[in-house]
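data35.csv follows (CSV, C-alpha atoms and all ligand atoms):
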chain,number,residue,atom,x,y,z
I,1,MET,CA,-54.0,-103.3,-30.6
I,2,GLU,CA,-54.2,-99.6,-29.6
I,3,ARG,CA,-50.5,-99.0,-29.4
I,4,MET,CA,-47.5,-100.8,-31.0
I,5,ILE,CA,-44.0,-99.8,-30.4
I,6,TYR,CA,-41.7,-101.5,-32.9
I,7,LEU,CA,-38.2,-102.0,-31.5
I,8,ASP,CA,-37.0,-105.0,-33.6
I,9,ASN,CA,-35.5,-103.2,-36.5
I,10,ALA,CA,-32.5,-105.5,-36.5
I,11,ALA,CA,-34.9,-108.3,-37.5
I,12,THR,CA,-36.6,-106.3,-40.2
I,13,THR,CA,-37.6,-102.7,-40.9
I,14,PRO,CA,-40.9,-101.2,-42.2
I,15,THR,CA,-40.8,-100.7,-46.0
I,16,ALA,CA,-40.6,-97.0,-46.6
I,17,PRO,CA,-43.7,-95.5,-48.5
I,18,GLU,CA,-41.4,-94.0,-51.1
I,19,VAL,CA,-40.0,-97.5,-51.7
I,20,ILE,CA,-43.4,-99.1,-52.2
I,21,GLU,CA,-44.5,-96.3,-54.5
I,22,ALA,CA,-41.4,-96.8,-56.6
I,23,MET,CA,-41.9,-100.5,-56.8
I,24,LEU,CA,-45.6,-100.6,-57.8
I,25,PRO,CA,-45.2,-99.6,-61.5
I,26,TYR,CA,-42.9,-102.6,-61.9
I,27,TYR,CA,-45.7,-104.9,-60.7
I,28,GLU,CA,-48.3,-103.1,-62.9
I,29,GLU,CA,-47.7,-101.4,-66.2
I,30,ARG,CA,-43.9,-101.9,-66.4
I,31,PHE,CA,-43.8,-105.7,-66.1
I,32,GLY,CA,-41.5,-106.3,-69.0
I,33,ASN,CA,-38.7,-108.8,-68.8
I,34,PRO,CA,-35.4,-107.0,-68.6
I,35,SER,CA,-33.8,-109.5,-70.9
I,36,ALA,CA,-36.3,-108.9,-73.7
I,37,VAL,CA,-35.1,-107.1,-76.9
I,38,TYR,CA,-38.0,-104.7,-77.2
I,39,GLU,CA,-38.1,-101.2,-75.7
I,40,PHE,CA,-40.7,-102.2,-73.1
I,41,GLY,CA,-38.3,-104.7,-71.6
I,42,ASN,CA,-35.6,-102.1,-71.7
I,43,LYS,CA,-37.5,-100.0,-69.2
I,44,SER,CA,-37.1,-102.7,-66.6
I,45,LYS,CA,-33.5,-103.2,-67.6
I,46,ASN,CA,-32.8,-99.5,-67.1
I,47,ALA,CA,-34.5,-99.4,-63.7
I,48,ILE,CA,-32.3,-102.3,-62.6
I,49,GLU,CA,-29.1,-100.5,-63.8
I,50,GLU,CA,-30.2,-97.3,-62.1
I,51,ALA,CA,-30.4,-99.2,-58.8
I,52,ARG,CA,-27.1,-100.9,-59.4
I,53,ASN,CA,-25.4,-97.5,-60.1
I,54,TYR,CA,-26.7,-96.0,-57.0
I,55,ILE,CA,-25.8,-99.0,-54.8
I,56,ALA,CA,-22.3,-99.2,-56.3
I,57,GLU,CA,-21.8,-95.5,-55.6
I,58,SER,CA,-23.0,-95.9,-52.0
I,59,VAL,CA,-20.1,-98.3,-51.1
I,60,GLY,CA,-17.5,-96.8,-53.5
I,61,ALA,CA,-17.7,-99.7,-55.9
I,62,LYS,CA,-18.1,-100.0,-59.7
I,63,PRO,CA,-21.6,-100.9,-61.0
I,64,GLN,CA,-20.2,-104.2,-62.5
I,65,GLU,CA,-19.1,-105.2,-59.0
I,66,ILE,CA,-22.7,-105.3,-57.7
I,67,TYR,CA,-24.7,-108.5,-58.0
I,68,PHE,CA,-28.4,-108.7,-57.0
I,69,THR,CA,-29.4,-111.6,-54.9
I,70,ALA,CA,-32.4,-112.8,-52.9
I,71,GLY,CA,-31.1,-111.3,-49.7
I,72,GLY,CA,-28.4,-111.4,-47.0
I,73,SER,CA,-28.4,-115.2,-46.5
I,74,GLU,CA,-28.0,-115.8,-50.2
I,75,SER,CA,-25.2,-113.3,-50.5
I,76,ASP,CA,-23.4,-114.9,-47.5
I,77,ASN,CA,-23.8,-118.4,-49.0
I,78,TRP,CA,-22.6,-117.3,-52.4
I,79,ALA,CA,-19.6,-115.4,-51.1
I,80,ILE,CA,-18.4,-118.3,-48.9
I,81,LYS,CA,-19.2,-121.4,-50.9
I,82,ALA,CA,-18.1,-120.0,-54.2
I,83,THR,CA,-14.8,-118.7,-52.8
I,84,ALA,CA,-14.1,-122.0,-51.1
I,85,GLU,CA,-14.9,-123.8,-54.3
I,86,SER,CA,-12.9,-121.6,-56.6
I,87,LEU,CA,-9.8,-121.5,-54.4
I,88,GLY,CA,-10.0,-125.1,-53.2
I,89,HIS,CA,-6.9,-125.9,-55.2
I,90,ARG,CA,-4.9,-123.3,-53.2
I,91,GLY,CA,-6.0,-124.3,-49.8
I,92,ASN,CA,-8.9,-125.5,-47.6
I,93,HIS,CA,-8.7,-123.1,-44.6
I,94,VAL,CA,-11.3,-120.5,-43.8
I,95,ILE,CA,-11.3,-118.0,-40.9
I,96,THR,CA,-14.5,-116.6,-39.4
I,97,THR,CA,-15.7,-115.7,-35.9
I,98,LYS,CA,-17.9,-117.2,-33.3
I,99,ILE,CA,-20.4,-114.3,-33.4
I,100,GLU,CA,-21.4,-114.4,-37.1
I,101,HIS,CA,-25.0,-114.7,-38.3
I,102,HIS,CA,-26.1,-118.3,-38.9
I,103,ALA,CA,-26.1,-117.5,-42.7
I,104,VAL,CA,-22.3,-117.5,-42.3
I,105,LEU,CA,-21.8,-120.0,-39.5
I,106,LYS,CA,-24.0,-122.7,-41.0
I,107,THR,CA,-22.3,-122.2,-44.4
I,108,CYS,CA,-19.0,-122.7,-42.8
I,109,ASP,CA,-20.3,-125.8,-41.1
I,110,TYR,CA,-21.3,-127.1,-44.5
I,111,LEU,CA,-17.8,-126.5,-45.7
I,112,GLU,CA,-16.4,-128.4,-42.8
I,113,HIS,CA,-18.5,-131.4,-43.8
I,114,ASN,CA,-16.9,-131.1,-47.2
I,115,GLY,CA,-13.3,-131.2,-46.4
I,116,TYR,CA,-12.6,-127.6,-45.4
I,117,GLU,CA,-11.1,-126.5,-42.1
I,118,VAL,CA,-12.7,-123.5,-40.4
I,119,THR,CA,-11.2,-121.4,-37.6
I,120,TYR,CA,-13.9,-119.7,-35.5
I,121,LEU,CA,-12.2,-116.8,-33.8
I,122,ASP,CA,-12.9,-115.8,-30.2
I,123,VAL,CA,-14.0,-112.2,-29.5
I,124,ASP,CA,-13.4,-110.0,-26.5
I,125,GLN,CA,-16.0,-109.3,-23.8
I,126,ASN,CA,-17.5,-106.6,-26.0
I,127,GLY,CA,-17.8,-108.8,-29.0
I,128,MET,CA,-14.8,-107.2,-30.7
I,129,VAL,CA,-12.7,-109.3,-33.1
I,130,ARG,CA,-9.0,-108.6,-32.6
I,131,PRO,CA,-7.0,-108.2,-35.9
I,132,GLU,CA,-4.0,-109.8,-34.2
I,133,MET,CA,-6.1,-112.9,-33.7
I,134,VAL,CA,-6.9,-113.0,-37.4
I,135,LYS,CA,-3.2,-112.6,-38.2
I,136,ARG,CA,-2.3,-115.5,-35.9
I,137,ALA,CA,-4.9,-117.7,-37.4
I,138,ILE,CA,-3.7,-117.3,-41.0
I,139,ARG,CA,-2.0,-120.4,-42.5
I,140,PRO,CA,-0.5,-121.0,-45.9
I,141,THR,CA,-3.7,-122.7,-46.8
I,142,THR,CA,-6.0,-119.9,-45.8
I,143,ILE,CA,-8.2,-118.9,-48.7
I,144,LEU,CA,-10.9,-116.8,-47.1
I,145,VAL,CA,-11.6,-114.6,-44.1
I,146,SER,CA,-15.2,-113.7,-43.3
I,147,VAL,CA,-15.9,-111.2,-40.5
I,148,MET,CA,-19.2,-109.3,-40.1
I,149,THR,CA,-19.2,-105.5,-40.2
I,150,ALA,CA,-21.5,-105.2,-37.2
I,151,ASN,CA,-23.2,-107.8,-35.1
I,152,ASN,CA,-26.9,-108.3,-35.3
I,153,GLU,CA,-27.4,-109.1,-31.6
I,154,ILE,CA,-25.1,-106.9,-29.6
I,155,GLY,CA,-24.5,-104.2,-32.2
I,156,THR,CA,-20.7,-104.2,-32.0
I,157,ILE,CA,-19.0,-102.7,-35.0
I,158,GLU,CA,-15.9,-104.6,-36.0
I,159,PRO,CA,-12.5,-103.2,-37.0
I,160,ILE,CA,-13.0,-104.3,-40.6
I,161,ALA,CA,-10.5,-101.8,-42.2
I,162,ARG,CA,-7.7,-103.2,-39.9
I,163,ILE,CA,-8.6,-106.8,-40.8
I,164,GLY,CA,-8.8,-105.8,-44.5
I,165,ALA,CA,-5.3,-104.3,-44.3
I,166,LEU,CA,-4.1,-107.7,-43.1
I,167,THR,CA,-5.9,-109.9,-45.6
I,168,SER,CA,-4.9,-107.7,-48.5
I,169,ARG,CA,-1.2,-107.9,-47.3
I,170,PHE,CA,-1.5,-111.7,-47.2
I,171,GLY,CA,-3.5,-111.8,-50.5
I,172,ILE,CA,-6.4,-113.5,-48.8
I,173,CYS,CA,-10.0,-113.0,-50.0
I,174,PHE,CA,-12.0,-111.0,-47.4
I,175,HIS,CA,-15.7,-111.1,-47.1
I,176,THR,CA,-17.8,-109.1,-44.7
I,177,ASP,CA,-21.5,-109.6,-43.8
I,178,ALA,CA,-22.6,-106.0,-43.7
I,179,VAL,CA,-26.3,-106.7,-43.5
I,180,GLN,CA,-26.7,-104.9,-40.2
I,181,ALA,CA,-24.3,-102.1,-41.1
I,182,TYR,CA,-25.3,-101.1,-44.6
I,183,GLY,CA,-27.5,-98.0,-44.6
I,184,GLN,CA,-26.8,-97.4,-40.9
I,185,ILE,CA,-23.1,-96.4,-41.0
I,186,PRO,CA,-20.9,-95.2,-43.9
I,187,LEU,CA,-19.1,-98.1,-45.7
I,188,ASN,CA,-16.5,-98.0,-48.5
I,189,VAL,CA,-15.2,-101.2,-49.9
I,190,ASN,CA,-11.8,-99.6,-50.7
I,191,ALA,CA,-11.3,-98.0,-47.3
I,192,LEU,CA,-12.3,-101.3,-45.7
I,193,ARG,CA,-10.3,-103.3,-48.2
I,194,VAL,CA,-13.0,-106.0,-48.5
I,195,ASP,CA,-13.3,-108.2,-51.6
I,196,MET,CA,-16.9,-109.1,-51.0
I,197,LEU,CA,-19.7,-107.5,-49.0
I,198,SER,CA,-23.2,-108.7,-48.3
I,199,ALA,CA,-26.3,-106.6,-47.7
I,200,SER,CA,-30.1,-107.0,-47.5
I,201,ALA,CA,-32.8,-104.6,-48.5
I,202,HIS,CA,-35.3,-105.4,-45.7
I,203,LYS,CA,-32.8,-104.3,-43.1
I,204,PHE,CA,-32.8,-100.7,-44.4
I,205,ASN,CA,-36.4,-100.0,-45.1
I,206,GLY,CA,-36.5,-101.9,-48.4
I,207,PRO,CA,-38.5,-104.9,-49.5
I,208,LYS,CA,-37.8,-108.5,-48.2
I,209,GLY,CA,-36.2,-111.2,-50.4
I,210,VAL,CA,-33.7,-108.9,-52.2
I,211,GLY,CA,-30.1,-108.0,-51.4
I,212,PHE,CA,-26.8,-107.7,-53.1
I,213,LEU,CA,-23.3,-109.0,-53.0
I,214,TYR,CA,-20.4,-106.8,-53.9
I,215,ILE,CA,-17.6,-108.8,-55.5
I,216,ARG,CA,-14.3,-106.9,-56.3
I,217,GLU,CA,-13.5,-106.9,-60.0
I,218,GLY,CA,-10.9,-109.5,-60.8
I,219,LYS,CA,-12.0,-112.0,-58.1
I,220,ASN,CA,-13.2,-114.7,-60.3
I,221,ILE,CA,-16.0,-116.0,-58.0
I,222,PRO,CA,-18.0,-118.7,-59.7
I,223,PRO,CA,-21.8,-118.3,-60.4
I,224,PHE,CA,-24.2,-119.1,-57.6
I,225,VAL,CA,-27.3,-119.9,-59.7
I,226,HIS,CA,-26.7,-121.5,-63.1
I,227,GLY,CA,-29.0,-120.7,-66.0
I,228,GLY,CA,-29.6,-117.6,-67.9
I,229,ASP,CA,-27.2,-114.7,-68.5
I,230,GLN,CA,-28.5,-112.4,-65.8
I,231,GLU,CA,-26.1,-110.6,-63.5
I,232,ARG,CA,-23.2,-111.1,-65.8
I,233,LYS,CA,-24.0,-114.9,-65.9
I,234,ASN,CA,-23.3,-115.1,-62.2
I,235,ARG,CA,-26.7,-115.2,-60.7
I,236,ALA,CA,-29.2,-116.6,-63.2
I,237,GLY,CA,-33.0,-116.1,-63.1
I,238,THR,CA,-35.3,-113.3,-64.2
I,239,GLU,CA,-34.5,-110.4,-62.0
I,240,ASN,CA,-36.7,-109.4,-59.1
I,241,VAL,CA,-37.3,-106.0,-60.8
I,242,PRO,CA,-39.7,-104.4,-58.3
I,243,GLY,CA,-37.5,-105.6,-55.4
I,244,ILE,CA,-34.3,-104.3,-57.0
I,245,VAL,CA,-35.9,-101.0,-57.8
I,246,GLY,CA,-37.2,-100.8,-54.2
I,247,MET,CA,-33.8,-101.6,-52.8
I,248,GLY,CA,-32.2,-98.9,-54.9
I,249,VAL,CA,-34.7,-96.3,-53.6
I,250,ALA,CA,-34.2,-97.6,-50.0
I,251,ALA,CA,-30.5,-97.3,-50.4
I,252,ARG,CA,-30.7,-93.7,-51.6
I,253,LEU,CA,-33.1,-92.8,-48.7
I,254,ALA,CA,-30.9,-94.5,-46.2
I,255,HIS,CA,-27.8,-92.6,-47.4
I,256,GLU,CA,-29.5,-89.2,-47.7
I,257,THR,CA,-30.8,-89.4,-44.2
I,258,MET,CA,-27.9,-91.3,-42.6
I,259,ALA,CA,-26.0,-88.6,-40.8
I,260,GLU,CA,-29.2,-87.1,-39.3
I,261,ARG,CA,-30.7,-90.5,-38.4
I,262,GLU,CA,-27.4,-91.7,-36.9
I,263,GLU,CA,-27.2,-88.7,-34.6
I,264,ARG,CA,-30.8,-88.9,-33.5
I,265,GLU,CA,-30.7,-92.7,-33.0
I,266,ILE,CA,-27.5,-92.6,-30.9
I,267,ARG,CA,-29.1,-89.9,-28.7
I,268,LEU,CA,-32.3,-92.0,-28.2
I,269,ARG,CA,-30.3,-95.2,-27.8
I,270,ASP,CA,-28.0,-93.8,-25.1
I,271,TYR,CA,-31.1,-92.4,-23.3
I,272,LEU,CA,-32.6,-95.9,-23.5
I,273,ILE,CA,-29.4,-97.5,-22.2
I,274,TYR,CA,-29.0,-95.0,-19.3
I,275,SER,CA,-32.6,-95.3,-18.3
I,276,VAL,CA,-32.7,-99.1,-18.3
I,277,LEU,CA,-29.4,-99.3,-16.3
I,278,LYS,CA,-30.7,-96.7,-13.9
I,279,GLU,CA,-34.3,-98.0,-13.5
I,280,VAL,CA,-33.9,-101.7,-13.6
I,281,PRO,CA,-31.8,-103.5,-11.0
I,282,LEU,CA,-29.3,-106.2,-12.0
I,283,ALA,CA,-29.3,-105.2,-15.6
I,284,ARG,CA,-26.3,-105.1,-17.9
I,285,LEU,CA,-25.5,-103.9,-21.3
I,286,ASN,CA,-24.1,-106.4,-23.8
I,287,GLY,CA,-21.6,-105.2,-26.4
I,288,ASP,CA,-19.4,-102.2,-26.8
I,289,TRP,CA,-21.1,-98.9,-25.8
I,290,LYS,CA,-19.0,-96.7,-28.2
I,291,LYS,CA,-18.3,-98.9,-31.2
I,292,ARG,CA,-22.0,-99.8,-31.5
I,293,LEU,CA,-24.7,-99.6,-34.2
I,294,PRO,CA,-26.7,-96.4,-33.7
I,295,GLY,CA,-30.0,-98.2,-33.0
I,296,ASN,CA,-28.9,-101.2,-30.9
I,297,ALA,CA,-29.4,-101.7,-27.2
I,298,ASP,CA,-29.0,-105.3,-25.9
I,299,PHE,CA,-29.4,-106.2,-22.3
I,300,CYS,CA,-29.3,-109.1,-19.9
I,301,PHE,CA,-31.6,-109.1,-16.8
I,302,ASP,CA,-30.5,-111.4,-14.1
I,303,PHE,CA,-33.2,-113.8,-12.7
I,304,VAL,CA,-35.4,-113.2,-15.7
I,305,ASP,CA,-36.5,-115.5,-18.5
I,306,GLY,CA,-36.1,-113.6,-21.7
I,307,GLY,CA,-38.9,-115.5,-23.5
I,308,SER,CA,-41.4,-114.6,-20.7
I,309,LEU,CA,-40.3,-111.0,-20.8
I,310,LEU,CA,-40.9,-110.9,-24.5
I,311,VAL,CA,-44.4,-112.2,-24.1
I,312,MET,CA,-45.2,-109.7,-21.4
I,313,LEU,CA,-43.8,-106.8,-23.5
I,314,ASP,CA,-45.8,-108.0,-26.4
I,315,MET,CA,-49.0,-107.7,-24.3
I,316,ASP,CA,-47.9,-104.1,-23.6
I,317,GLY,CA,-47.7,-103.6,-27.4
I,318,ILE,CA,-43.9,-103.7,-27.6
I,319,CYS,CA,-42.1,-105.7,-30.3
I,320,ALA,CA,-38.7,-106.7,-29.1
I,321,SER,CA,-36.4,-109.7,-29.4
I,322,ALA,CA,-34.3,-112.0,-27.3
I,323,GLY,CA,-31.4,-111.4,-29.7
I,324,SER,CA,-31.5,-113.8,-32.5
I,325,ALA,CA,-34.6,-114.8,-34.5
I,326,CYS,CA,-35.3,-117.9,-32.5
I,327,THR,CA,-38.2,-117.2,-30.2
I,328,SER,CA,-39.1,-120.4,-28.5
I,329,GLY,CA,-38.7,-120.2,-24.8
I,330,GLN,CA,-36.7,-123.5,-24.8
I,331,SER,CA,-34.2,-122.2,-27.4
I,332,GLU,CA,-30.5,-122.4,-26.8
I,333,PRO,CA,-29.0,-119.3,-25.3
I,334,SER,CA,-27.4,-117.1,-28.0
I,335,HIS,CA,-24.1,-118.1,-29.4
I,336,VAL,CA,-23.1,-114.5,-29.5
I,337,LEU,CA,-23.6,-114.0,-25.7
I,338,LYS,CA,-21.8,-117.2,-25.1
I,339,ALA,CA,-18.9,-116.0,-27.2
I,340,ILE,CA,-18.6,-112.8,-25.1
I,341,GLY,CA,-18.5,-114.8,-21.9
I,342,VAL,CA,-22.1,-114.3,-20.6
I,343,GLU,CA,-22.9,-117.3,-18.4
I,344,GLU,CA,-25.8,-119.4,-19.7
I,345,GLU,CA,-28.2,-118.5,-16.8
I,346,ARG,CA,-27.7,-114.8,-17.4
I,347,ALA,CA,-27.9,-115.2,-21.2
I,348,ARG,CA,-31.4,-116.5,-20.8
I,349,GLY,CA,-32.5,-113.1,-19.7
I,350,ALA,CA,-31.5,-111.3,-22.8
I,351,LEU,CA,-33.5,-108.5,-24.4
I,352,ARG,CA,-32.6,-106.8,-27.7
I,353,LEU,CA,-34.2,-103.5,-28.6
I,354,THR,CA,-33.3,-102.0,-31.9
I,355,LEU,CA,-34.5,-98.5,-32.8
I,356,GLY,CA,-35.7,-97.2,-36.1
I,357,ALA,CA,-36.2,-93.8,-37.8
I,358,ASN,CA,-39.7,-93.6,-36.2
I,359,THR,CA,-38.7,-94.3,-32.6
I,360,THR,CA,-39.5,-91.4,-30.3
I,361,ARG,CA,-38.4,-90.4,-26.8
I,362,GLU,CA,-42.0,-91.1,-25.6
I,363,ASP,CA,-41.7,-94.6,-26.9
I,364,ILE,CA,-38.5,-95.1,-24.9
I,365,ASP,CA,-40.1,-93.8,-21.7
I,366,TYR,CA,-43.0,-96.2,-22.1
I,367,VAL,CA,-40.7,-99.1,-22.9
I,368,VAL,CA,-38.4,-98.5,-19.9
I,369,GLU,CA,-41.5,-98.3,-17.6
I,370,LYS,CA,-42.8,-101.6,-19.0
I,371,ILE,CA,-39.5,-103.4,-18.8
I,372,LYS,CA,-39.1,-102.2,-15.2
I,373,LYS,CA,-42.6,-103.5,-14.3
I,374,ASN,CA,-42.3,-106.8,-16.1
I,375,VAL,CA,-38.8,-107.6,-14.9
I,376,SER,CA,-39.9,-107.0,-11.3
I,377,GLU,CA,-43.0,-109.2,-11.8
I,378,LEU,CA,-41.0,-112.0,-13.2
I,379,ARG,CA,-38.5,-111.8,-10.3
I,380,GLU,CA,-41.3,-111.9,-7.8
I,381,LYS,CA,-41.9,-115.4,-9.0
I,382,SER,CA,-38.2,-116.4,-9.1
I,383,THR,CA,-37.0,-118.5,-6.2
I,384,ALA,CA,-33.4,-117.9,-7.3
I,385,TYR,CA,-34.0,-114.2,-7.1
I,386,GLN,CA,-35.7,-114.4,-3.6
I,387,GLU,CA,-32.6,-116.3,-2.4
I,388,TYR,CA,-30.3,-113.8,-3.9
I,389,ASN,CA,-32.3,-111.0,-2.4
I,390,ASP,CA,-32.2,-112.6,1.0
I,391,THR,CA,-28.4,-112.9,0.9
I,392,HIS,CA,-27.6,-109.6,-0.6
I,393,ARG,CA,-30.4,-107.5,0.9
I,394,VAL,CA,-30.9,-105.6,-2.2
I,395,GLN,CA,-33.8,-103.2,-1.7
I,396,LYS,CA,-36.4,-103.6,-4.4
I,397,GLY,CA,-36.0,-101.1,-7.2
I,398,ARG,CA,-32.8,-99.7,-5.8
I,399,GLY,CA,-30.2,-102.0,-7.3
I,400,LYS,CA,-27.3,-100.8,-9.3
I,401,ALA,CA,-26.2,-101.6,-12.8
I,402,TRP,CA,-24.0,-104.6,-12.6
I,403,LYS,CA,-20.6,-104.8,-14.2
R,501,LIG,C1,-30.7,-110.4,-41.3
R,501,LIG,C2,-29.3,-110.8,-41.5
R,501,LIG,C3,-28.9,-111.8,-42.4
R,501,LIG,C4,-29.9,-112.5,-43.3
R,501,LIG,O1,-30.4,-111.6,-44.3
R,501,LIG,P1,-31.8,-112.1,-45.0
R,501,LIG,O2,-32.0,-111.0,-46.1
R,501,LIG,O3,-32.9,-112.1,-44.0
R,501,LIG,O4,-31.5,-113.4,-45.6
R,501,LIG,C5,-27.6,-112.1,-42.5
R,501,LIG,N1,-26.7,-111.5,-41.7
R,501,LIG,C6,-27.0,-110.6,-40.8
R,501,LIG,C7,-25.9,-110.0,-39.9
R,501,LIG,C8,-28.3,-110.2,-40.6
R,501,LIG,O5,-28.7,-109.4,-39.7

Could you rewrite the structure in this file as structure tokens?
Ligand SMILES: *Cc1c(COP(=O)(O)O)cnc(C)c1O
Amino acid sequence: MERMIYLDNAATTPTAPEVIEAMLPYYEERFGNPSAVYEFGNKSKNAIEEARNYIAESVGAKPQEIYFTAGGSESDNWAIKATAESLGHRGNHVITTKIEHHAVLKTCDYLEHNGYEVTYLDVDQNGMVRPEMVKRAIRPTTILVSVMTANNEIGTIEPIARIGALTSRFGICFHTDAVQAYGQIPLNVNALRVDMLSASAHKFNGPKGVGFLYIREGKNIPPFVHGGDQERKNRAGTENVPGIVGMGVAARLAHETMAEREEREIRLRDYLIYSVLKEVPLARLNGDWKKRLPGNADFCFDFVDGGSLLVMLDMDGICASAGSACTSGQSEPSHVLKAIGVEEERARGALRLTLGANTTREDIDYVVEKIKKNVSELREKSTAYQEYNDTHRVQKGRGKAWK
């Protein structure tokens, strides 16, 4: 392929060269087991602790509050299942939202099958969770609230600090899935008043299969993997030393470049959004324009099948997504779009473009041109569009952004 434009950074990001370079010695000469007593093993142990110290600092936590896991899904599973299990004697009610990642939703579903009650909160048309709704959902039996920091499909950034103020007042454990937010926007566990926070390295230019869970000191959350004494006996198993080292370096890079990246990505993202809404008729933006992840642009195109659009964009060398990781053309429309009130027909024409540090203005121009061309080709073949066109006499290529 002569040209590839990667705009699926919410699915995963390229591993930074500095990260790979830092990881390699731990596959090669520094392969020692961190639990060993000899100095050679200590080298690995020290590297892990260095990563832990940096990651703790990056969210305003203490090193002993950071637990390494095998990624975002594991962190979410641990946070939710272990809290439910340990607080089961106090109550059986969990509050979450309708727009969470499946790692949270399916874990809650599992809890429901095991005697817990789960409230799935509605969100507004921009995907915003209203703190008053959280407050109203709280019962005497509520033991956990889990609300994501930012949504992976529509990019909406949630009012976590306001929800945290509530949960801490009610003494309820508060977990946030910050997998999309960590490394993209500043996060501080004390300002946000969260008790648990999940993150995943491959979403911020680190390696796949490694992440962390922050657990506030004093919250006696039971172990997730039983066995050895690793991670303060909470997550057994010989540590993924290269992965953890790589995540530490990725975390440092992400925070050192955050302000600059954020400004640049917001500029490019807004240029992308304006261009698409201007150039492509019957297009609309999903999610909140202002309270939005820097690199996220999520659209719906009427009279377009999102799956077909993705295939055409792929042929033009563009990697994009329909929103969630499911790619089959027959897949259910996104639960997130449904929750923000997008009708099923329209939700089928979803396209998510997520920018990265390497995205350029030229990339955006090329992508907008290809979206315009492919959307128009797909509509040519759509009888529903022809009918709509006949009734509304929309001149080709001159439609307006729909609200
Ligand atoms: C990617 C993602 C996850 C899952 O993380 P993995 O490391 O791939 O398991 C969970 N939550 C959100 C919001 C995500 O974007």

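Taking only C-alpha atoms and all ligand atoms into account, ligand LIG 501 (chain R) has within 7 Å the residues Ala10, Ala11, Gly71, Gly72, Ser73, Glu74, Glu100, His101, Ala103, Met148, Asn151, Asn152, Asp177, Ala178, Val179, Gln180, Ser200, Ala201, His202, Lys203, Lys208, Gly209, Val210 and Gly211 of chain I.
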
Exercise. Grab the CA of Thr12 (chain I) to CA of Glu49 (chain I) distance for me, in Å with one decimal place.
Key: 25.4 Å

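Closest approach to Ile340 (chain I) among I:Met4, I:Leu272, I:Val129, I:Leu293: I:Val129, based on all atoms listed in the file.
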
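Counting from CA of Ala199 (chain I), the distance to CA of Arg52 (chain I) is 13.0 Å.
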
Residues within 9 Å of region 16-20 of chain I, all atoms listed in the file, excluding chain neighbours under 6 positions, as a PDB file with C-alpha atoms, in the coordinates of the input:
ATOM      1  CA  PHE I 204     -32.800-100.700 -44.400  1.00  0.00           C
ATOM      2  CA  ASN I 205     -36.400-100.000 -45.100  1.00  0.00           C
ATOM      3  CA  GLY I 206     -36.500-101.900 -48.400  1.00  0.00           C
ATOM      4  CA  PRO I 207     -38.500-104.900 -49.500  1.00  0.00           C
ATOM      5  CA  PRO I 242     -39.700-104.400 -58.300  1.00  0.00           C
ATOM      6  CA  VAL I 245     -35.900-101.000 -57.800  1.00  0.00           C
ATOM      7  CA  GLY I 246     -37.200-100.800 -54.200  1.00  0.00           C
ATOM      8  CA  MET I 247     -33.800-101.600 -52.800  1.00  0.00           C
ATOM      9  CA  GLY I 248     -32.200 -98.900 -54.900  1.00  0.00           C
ATOM     10  CA  VAL I 249     -34.700 -96.300 -53.600  1.00  0.00           C
ATOM     11  CA  ALA I 250     -34.200 -97.600 -50.000  1.00  0.00           C
ATOM     12  CA  LEU I 253     -33.100 -92.800 -48.700  1.00  0.00           C
TER      13      LEU I 253
END

Exercise. Counting only C-alpha atoms, figure out which residue out of I:Glu262, I:Glu65, I:Gly228, I:His335 gets nearest to Gly183 (chain I).
Key: I:Glu262

Quiz item: List as a VMD selection string: which residues have an atom within 12 Å of (-10.0, -123.5, -56.2), counting all atoms listed in the file?
Solution: chain I and resid 81 to 93 116 141 to 144 219 to 222

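Considering the residues I:Tyr120, I:Phe68, I:Ser376, I:Gly349 and counting only C-alpha atoms, Lys233 (chain I) has its shortest atom-to-atom contact with I:Phe68.
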
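By only C-alpha atoms, and with residues fewer than 2 positions from Ala339 (chain I) along its chain excluded, the set lying at most 10 Å from it is I:Thr97, I:Lys98, I:Ile99, I:Leu121, I:Asp122, I:Val123, I:Asp124, I:Gln125, I:Asn126, I:Gly127, I:Ser334, I:His335, I:Val336, I:Leu337, I:Gly341, I:Val342, I:Glu343.
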
Practice problem: Could you jot down the CA of Pro333 (chain I) to CA of Arg348 (chain I) separation for me, Å, one decimal place? | Solution: 5.8 Å

Quiz item: Which residues, written as an NGL selection string, have at least one atom at most 12 Å from Glu57 (chain I), with all atoms listed in the file counted and residues fewer than 5 positions away on the same chain left out?
Solution: :I and (50-52 or 62-66 or 186-190 or 214 or 248 or 251-252 or 255)

Go ahead and write the selection's residues with C-alpha atoms as a compact mmCIF listing (two decimals), keeping the file's coordinate frame.
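Generated file (out.txt):
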# COMPACT_ATOMS: atom_id res chain seq x y z
CA GLU I 50 -30.20 -97.30 -62.10
CA ALA I 51 -30.40 -99.20 -58.80
CA ARG I 52 -27.10 -100.90 -59.40
CA LYS I 62 -18.10 -100.00 -59.70
CA PRO I 63 -21.60 -100.90 -61.00
CA GLN I 64 -20.20 -104.20 -62.50
CA GLU I 65 -19.10 -105.20 -59.00
CA ILE I 66 -22.70 -105.30 -57.70
CA PRO I 186 -20.90 -95.20 -43.90
CA LEU I 187 -19.10 -98.10 -45.70
CA ASN I 188 -16.50 -98.00 -48.50
CA VAL I 189 -15.20 -101.20 -49.90
CA ASN I 190 -11.80 -99.60 -50.70
CA TYR I 214 -20.40 -106.80 -53.90
CA GLY I 248 -32.20 -98.90 -54.90
CA ALA I 251 -30.50 -97.30 -50.40
CA ARG I 252 -30.70 -93.70 -51.60
CA HIS I 255 -27.80 -92.60 -47.40
